[in-house]
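Trainee: Quick one, protein30.cif (mmCIF, C-alpha atoms):
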```
data_run
#
loop_
_atom_site.label_atom_id
_atom_site.label_comp_id
_atom_site.auth_asym_id
_atom_site.auth_seq_id
_atom_site.Cartn_x
_atom_site.Cartn_y
_atom_site.Cartn_z
CA MET A 2 17.09 3.05 -4.23
CA ASP A 3 16.08 -0.62 -4.16
CA THR A 4 16.00 -0.48 -0.36
CA LEU A 5 13.55 2.39 -0.64
CA LYS A 6 11.18 0.69 -3.10
CA TYR A 7 8.52 0.20 -0.44
CA VAL A 8 9.25 3.37 1.56
CA THR A 9 7.07 6.29 0.58
CA TYR A 10 8.40 9.83 0.68
CA CYS A 11 5.95 10.68 3.47
CA GLY A 12 7.18 7.74 5.57
CA LEU A 13 4.56 5.06 5.07
CA TYR A 14 5.59 1.52 4.15
CA CYS A 15 3.98 0.22 0.94
CA LYS A 16 3.95 -3.41 2.03
CA LEU A 17 1.56 -2.45 4.84
CA CYS A 18 -0.96 -1.21 2.26
CA ALA A 19 -3.93 -3.49 1.63
CA ASN A 20 -3.08 -3.46 -2.09
CA ILE A 21 0.05 -5.47 -1.27
CA ALA A 22 -0.62 -6.90 2.19
CA ARG A 23 -4.09 -8.37 1.76
CA ILE A 24 -5.97 -7.93 -1.49
CA PRO A 25 -3.66 -10.08 -3.68
CA ASN A 26 -3.77 -13.02 -1.25
CA GLN A 27 -7.53 -12.85 -0.87
CA ALA A 28 -8.11 -12.49 -4.62
CA TYR A 29 -5.74 -15.36 -5.34
CA ALA A 30 -7.49 -17.57 -2.77
CA LEU A 31 -10.91 -16.86 -4.29
CA ARG A 32 -9.59 -17.38 -7.82
CA ASP A 33 -7.98 -20.69 -6.80
CA THR A 34 -11.14 -21.90 -5.05
CA LEU A 35 -13.31 -20.99 -8.04
CA ALA A 36 -10.89 -22.71 -10.45
CA LYS A 37 -10.79 -25.89 -8.36
CA SER A 38 -14.59 -25.84 -8.27
CA GLY A 39 -14.88 -25.68 -12.06
CA TRP A 40 -16.03 -22.10 -12.43
CA THR A 41 -13.60 -21.50 -15.29
CA PHE A 42 -15.67 -23.97 -17.35
CA PHE A 43 -19.22 -22.97 -16.46
CA GLY A 44 -19.02 -19.60 -14.70
CA ASP A 45 -20.32 -17.57 -17.62
CA GLN A 46 -23.41 -19.80 -17.77
CA TYR A 47 -24.41 -18.63 -14.27
CA VAL A 48 -22.93 -15.14 -14.21
CA PRO A 49 -23.04 -13.27 -17.52
CA GLU A 50 -20.16 -10.99 -16.43
CA PHE A 51 -18.00 -13.88 -15.21
CA ARG A 52 -15.20 -13.35 -17.76
CA GLU A 53 -14.80 -9.71 -16.67
CA PHE A 54 -14.95 -10.77 -13.03
CA TRP A 55 -12.29 -13.45 -13.66
CA LYS A 56 -10.06 -10.90 -15.37
CA ALA A 57 -10.48 -8.49 -12.44
CA LEU A 58 -9.61 -11.26 -9.96
CA GLY A 59 -6.44 -11.91 -11.98
CA TYR A 60 -5.56 -8.23 -11.78
CA PHE A 61 -6.12 -8.14 -8.01
CA SER A 62 -4.15 -11.39 -7.54
CA ASP A 63 -1.09 -9.85 -9.20
CA MET A 64 -1.49 -6.34 -7.79
CA GLY A 65 1.20 -6.65 -5.13
CA GLU A 66 3.85 -7.87 -7.54
CA LYS A 67 3.10 -5.15 -10.07
CA CYS A 68 2.94 -2.23 -7.64
CA PRO A 69 5.75 0.22 -8.47
CA GLY A 70 5.61 1.85 -5.04
CA CYS A 71 5.44 5.55 -4.31
CA ARG A 72 8.70 6.27 -6.12
CA GLY A 73 7.21 4.60 -9.19
CA GLU A 74 4.19 6.92 -9.07
CA CYS A 75 1.82 4.59 -7.23
CA GLY A 76 -0.64 6.22 -4.87
CA TYR A 77 -2.79 9.29 -4.96
CA PRO A 78 -2.13 11.17 -8.24
CA GLY A 79 -2.69 14.54 -6.53
CA CYS A 80 -0.06 13.87 -3.85
CA THR A 81 1.80 17.07 -2.96
CA ILE A 82 4.30 15.35 -0.69
CA ARG A 83 6.14 13.41 -3.41
CA PRO A 84 7.02 16.50 -5.53
CA CYS A 85 7.96 18.46 -2.40
CA ALA A 86 10.37 15.72 -1.23
CA ARG A 87 11.91 15.47 -4.68
CA GLU A 88 12.32 19.24 -4.88
CA ARG A 89 14.01 19.29 -1.47
CA LYS A 90 16.11 16.26 -2.45
CA VAL A 91 15.07 14.18 0.57
CA GLU A 92 14.47 10.45 0.30
CA VAL A 93 12.04 10.43 3.24
CA CYS A 94 10.26 13.42 4.76
CA SER A 95 11.55 12.57 8.23
CA SER A 96 15.00 13.72 7.08
CA CYS A 97 13.68 17.17 6.16
CA ASP A 98 14.34 20.05 8.58
CA GLU A 99 10.65 21.00 8.43
CA PHE A 100 9.33 17.57 9.46
CA PRO A 101 6.54 17.33 10.38
CA CYS A 102 5.22 19.96 7.98
CA ASP A 103 1.57 20.80 7.37
CA ARG A 104 1.34 18.25 4.54
CA ILE A 105 2.55 15.48 6.82
CA LYS A 106 0.28 16.64 9.66
CA GLU A 107 -2.71 16.54 7.32
CA LEU A 108 -1.87 12.99 6.17
CA ALA A 109 -1.28 11.98 9.80
CA GLY A 110 -4.95 12.75 10.39
CA ARG A 111 -5.59 9.57 8.44
CA TYR A 112 -2.48 7.59 9.42
CA PRO A 113 -2.01 8.15 13.17
CA ASN A 114 1.40 6.43 13.28
CA LEU A 115 2.94 8.57 10.53
CA ILE A 116 4.63 11.25 12.63
CA SER A 117 5.84 8.91 15.36
CA ASP A 118 7.19 6.55 12.68
CA GLY A 119 9.02 9.52 11.15
CA PHE A 120 10.70 10.33 14.44
CA ARG A 121 11.48 6.62 14.87
CA GLN A 122 13.15 6.63 11.43
CA ARG A 123 15.33 9.52 12.55
CA ALA A 124 16.22 7.84 15.84
CA ILE A 125 17.17 4.37 14.60
CA GLY A 126 17.98 4.97 10.92
CA LEU A 127 16.14 3.92 7.82
CA ASP A 128 17.57 0.40 7.55
CA ARG A 129 16.48 -0.59 11.07
CA TRP A 130 13.12 1.12 10.55
CA ILE A 131 12.56 -0.89 7.35
CA ALA A 132 13.38 -4.09 9.28
CA GLU A 133 10.75 -3.12 11.87
CA GLN A 134 8.21 -2.58 9.10
CA GLU A 135 9.00 -6.02 7.73
CA GLU A 136 8.29 -7.40 11.22
CA ARG A 137 4.94 -5.60 11.16
CA CYS A 138 4.22 -7.18 7.77
CA ALA A 139 5.04 -10.63 9.14
CA THR A 140 2.35 -10.22 11.81
CA GLY A 141 -0.28 -9.54 9.14
CA LEU A 142 -0.67 -5.89 10.09
CA CYS A 143 -2.11 -3.60 7.46
CA TYR A 144 -2.73 0.16 7.51
CA ASN A 145 -6.45 -0.55 7.08
CA ASP A 146 -6.38 -1.99 10.60
CA PHE A 147 -5.79 1.38 12.19
CA ARG A 148 -6.00 4.21 9.68
CA TYR A 149 -8.90 6.62 9.87
CA PRO A 150 -11.21 6.68 6.86
CA ILE A 151 -11.86 9.84 4.91
CA GLU A 152 -15.32 10.87 3.81
CA GLY A 153 -16.65 8.42 1.26
CA ASP A 154 -14.03 5.83 2.23
CA GLU A 155 -16.24 3.73 4.49
#
```
Now that the file is in, can you turn its structure into structure tokens?

Mentor:
Amino acid sequence: MDTLKYVTYCGLYCKLCANIARIPNQAYALRDTLAKSGWTFFGDQYVPEFREFWKALGYFSDMGEKCPGCRGECGYPGCTIRPCARERKVEVCSSCDEFPCDRIKELAGRYPNLISDGFRQRAIGLDRWIAEQEERCATGLCYNDFRYPIEGDE
């Protein structure tokens, strides 16, 4: 299961999520810059909410390391794909006979690579597919670069 830590049931790759791929690095960089500039000593004199802001930056800096992944209940709490996959005893939806089902098709409206990635998983196997996702990560790619926003997401 360790190999699947970053593989969601639907077939996305957690390390391509901004919560792991970008936000921690950016938060850490801002936190480091502020610390080197002395903000930890005088920040609350200029910004009354500085301590809360600093705490939030710490949270965002560590977010990637603390993310339990989809299998650890990270993600949308109302997800219907995760319980379906567990019920059908499939590790990834692409291995289900009904792939792509209506749930996957709906999610693919937001993540245009989802279905093709699922077929790719089937064709080359999960281990090779994970290696390809790691290559995507190494380029700095993030789902936010090409996913379609939902209403209120902009």

Trainee: Counting all atoms listed in the file, which residues of range 96-144 of chain A sit at most 10 Å from some atom of range 2-12 of chain A, and what is each one's closest atom pair with its distance in Å to one decimal, listed by chain and rising residue number, as a tab-separated table?

Mentor:
```
residue	atom	partner	partner_atom	distance
A:Ser96	CA	A:Gly12	CA	10.0
A:Phe100	CA	A:Cys11	CA	9.7
A:Pro101	CA	A:Cys11	CA	9.6
A:Arg104	CA	A:Cys11	CA	8.9
A:Ile105	CA	A:Cys11	CA	6.8
A:Leu108	CA	A:Cys11	CA	8.6
A:Ala109	CA	A:Cys11	CA	9.7
A:Asn114	CA	A:Gly12	CA	9.7
A:Leu115	CA	A:Gly12	CA	6.6
A:Ile116	CA	A:Gly12	CA	8.3
A:Ser117	CA	A:Gly12	CA	10.0
A:Asp118	CA	A:Gly12	CA	7.2
A:Gly119	CA	A:Gly12	CA	6.1
A:Phe120	CA	A:Gly12	CA	9.9
A:Gln122	CA	A:Gly12	CA	8.4
A:Leu127	CA	A:Leu5	CA	9.0
A:Asp128	CA	A:Thr4	CA	8.1
A:Ile131	CA	A:Val8	CA	7.9
A:Gln134	CA	A:Val8	CA	9.7
```

Trainee: Running the PyMOL selection byres ((chain A and resi 141-145) around 9) on this model by hand, what would come out? Give it as a PyMOL selection string.

Mentor: chain A and resi 16-19+22-23+112+137-140+146-150

Trainee: Choose the residue, out of A:Arg123, A:Glu66, A:Gly79, A:Ile21, that has the smallest atom-to-atom separation from Cys94 in chain A; count all atoms listed in the file.

Mentor: A:Arg123

Trainee: Residues at most 10 Å from Ile24 in chain A, counting all atoms listed in the file, excluding those fewer than 2 positions away in the same chain, as JSON, numbers by chain?

Mentor: {"A": [18, 19, 20, 21, 22, 26, 27, 28, 29, 30, 58, 61, 62, 63, 64, 65]}

Trainee: Please, what distance in Å, to one decimal, runs between CA of Gly126 in chain A and CA of Ser95 in chain A?

Mentor: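 Spanning CA of Gly126 in chain A to CA of Ser95 in chain A is a straight-line distance of 10.3 Å.
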
Trainee: What does the distance from CA of Cys102 in chain A to CA of Ile82 in chain A come to in Å, to one decimal?

Mentor: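 We find that CA of Cys102 in chain A and CA of Ile82 in chain A lie 9.9 Å from each other.
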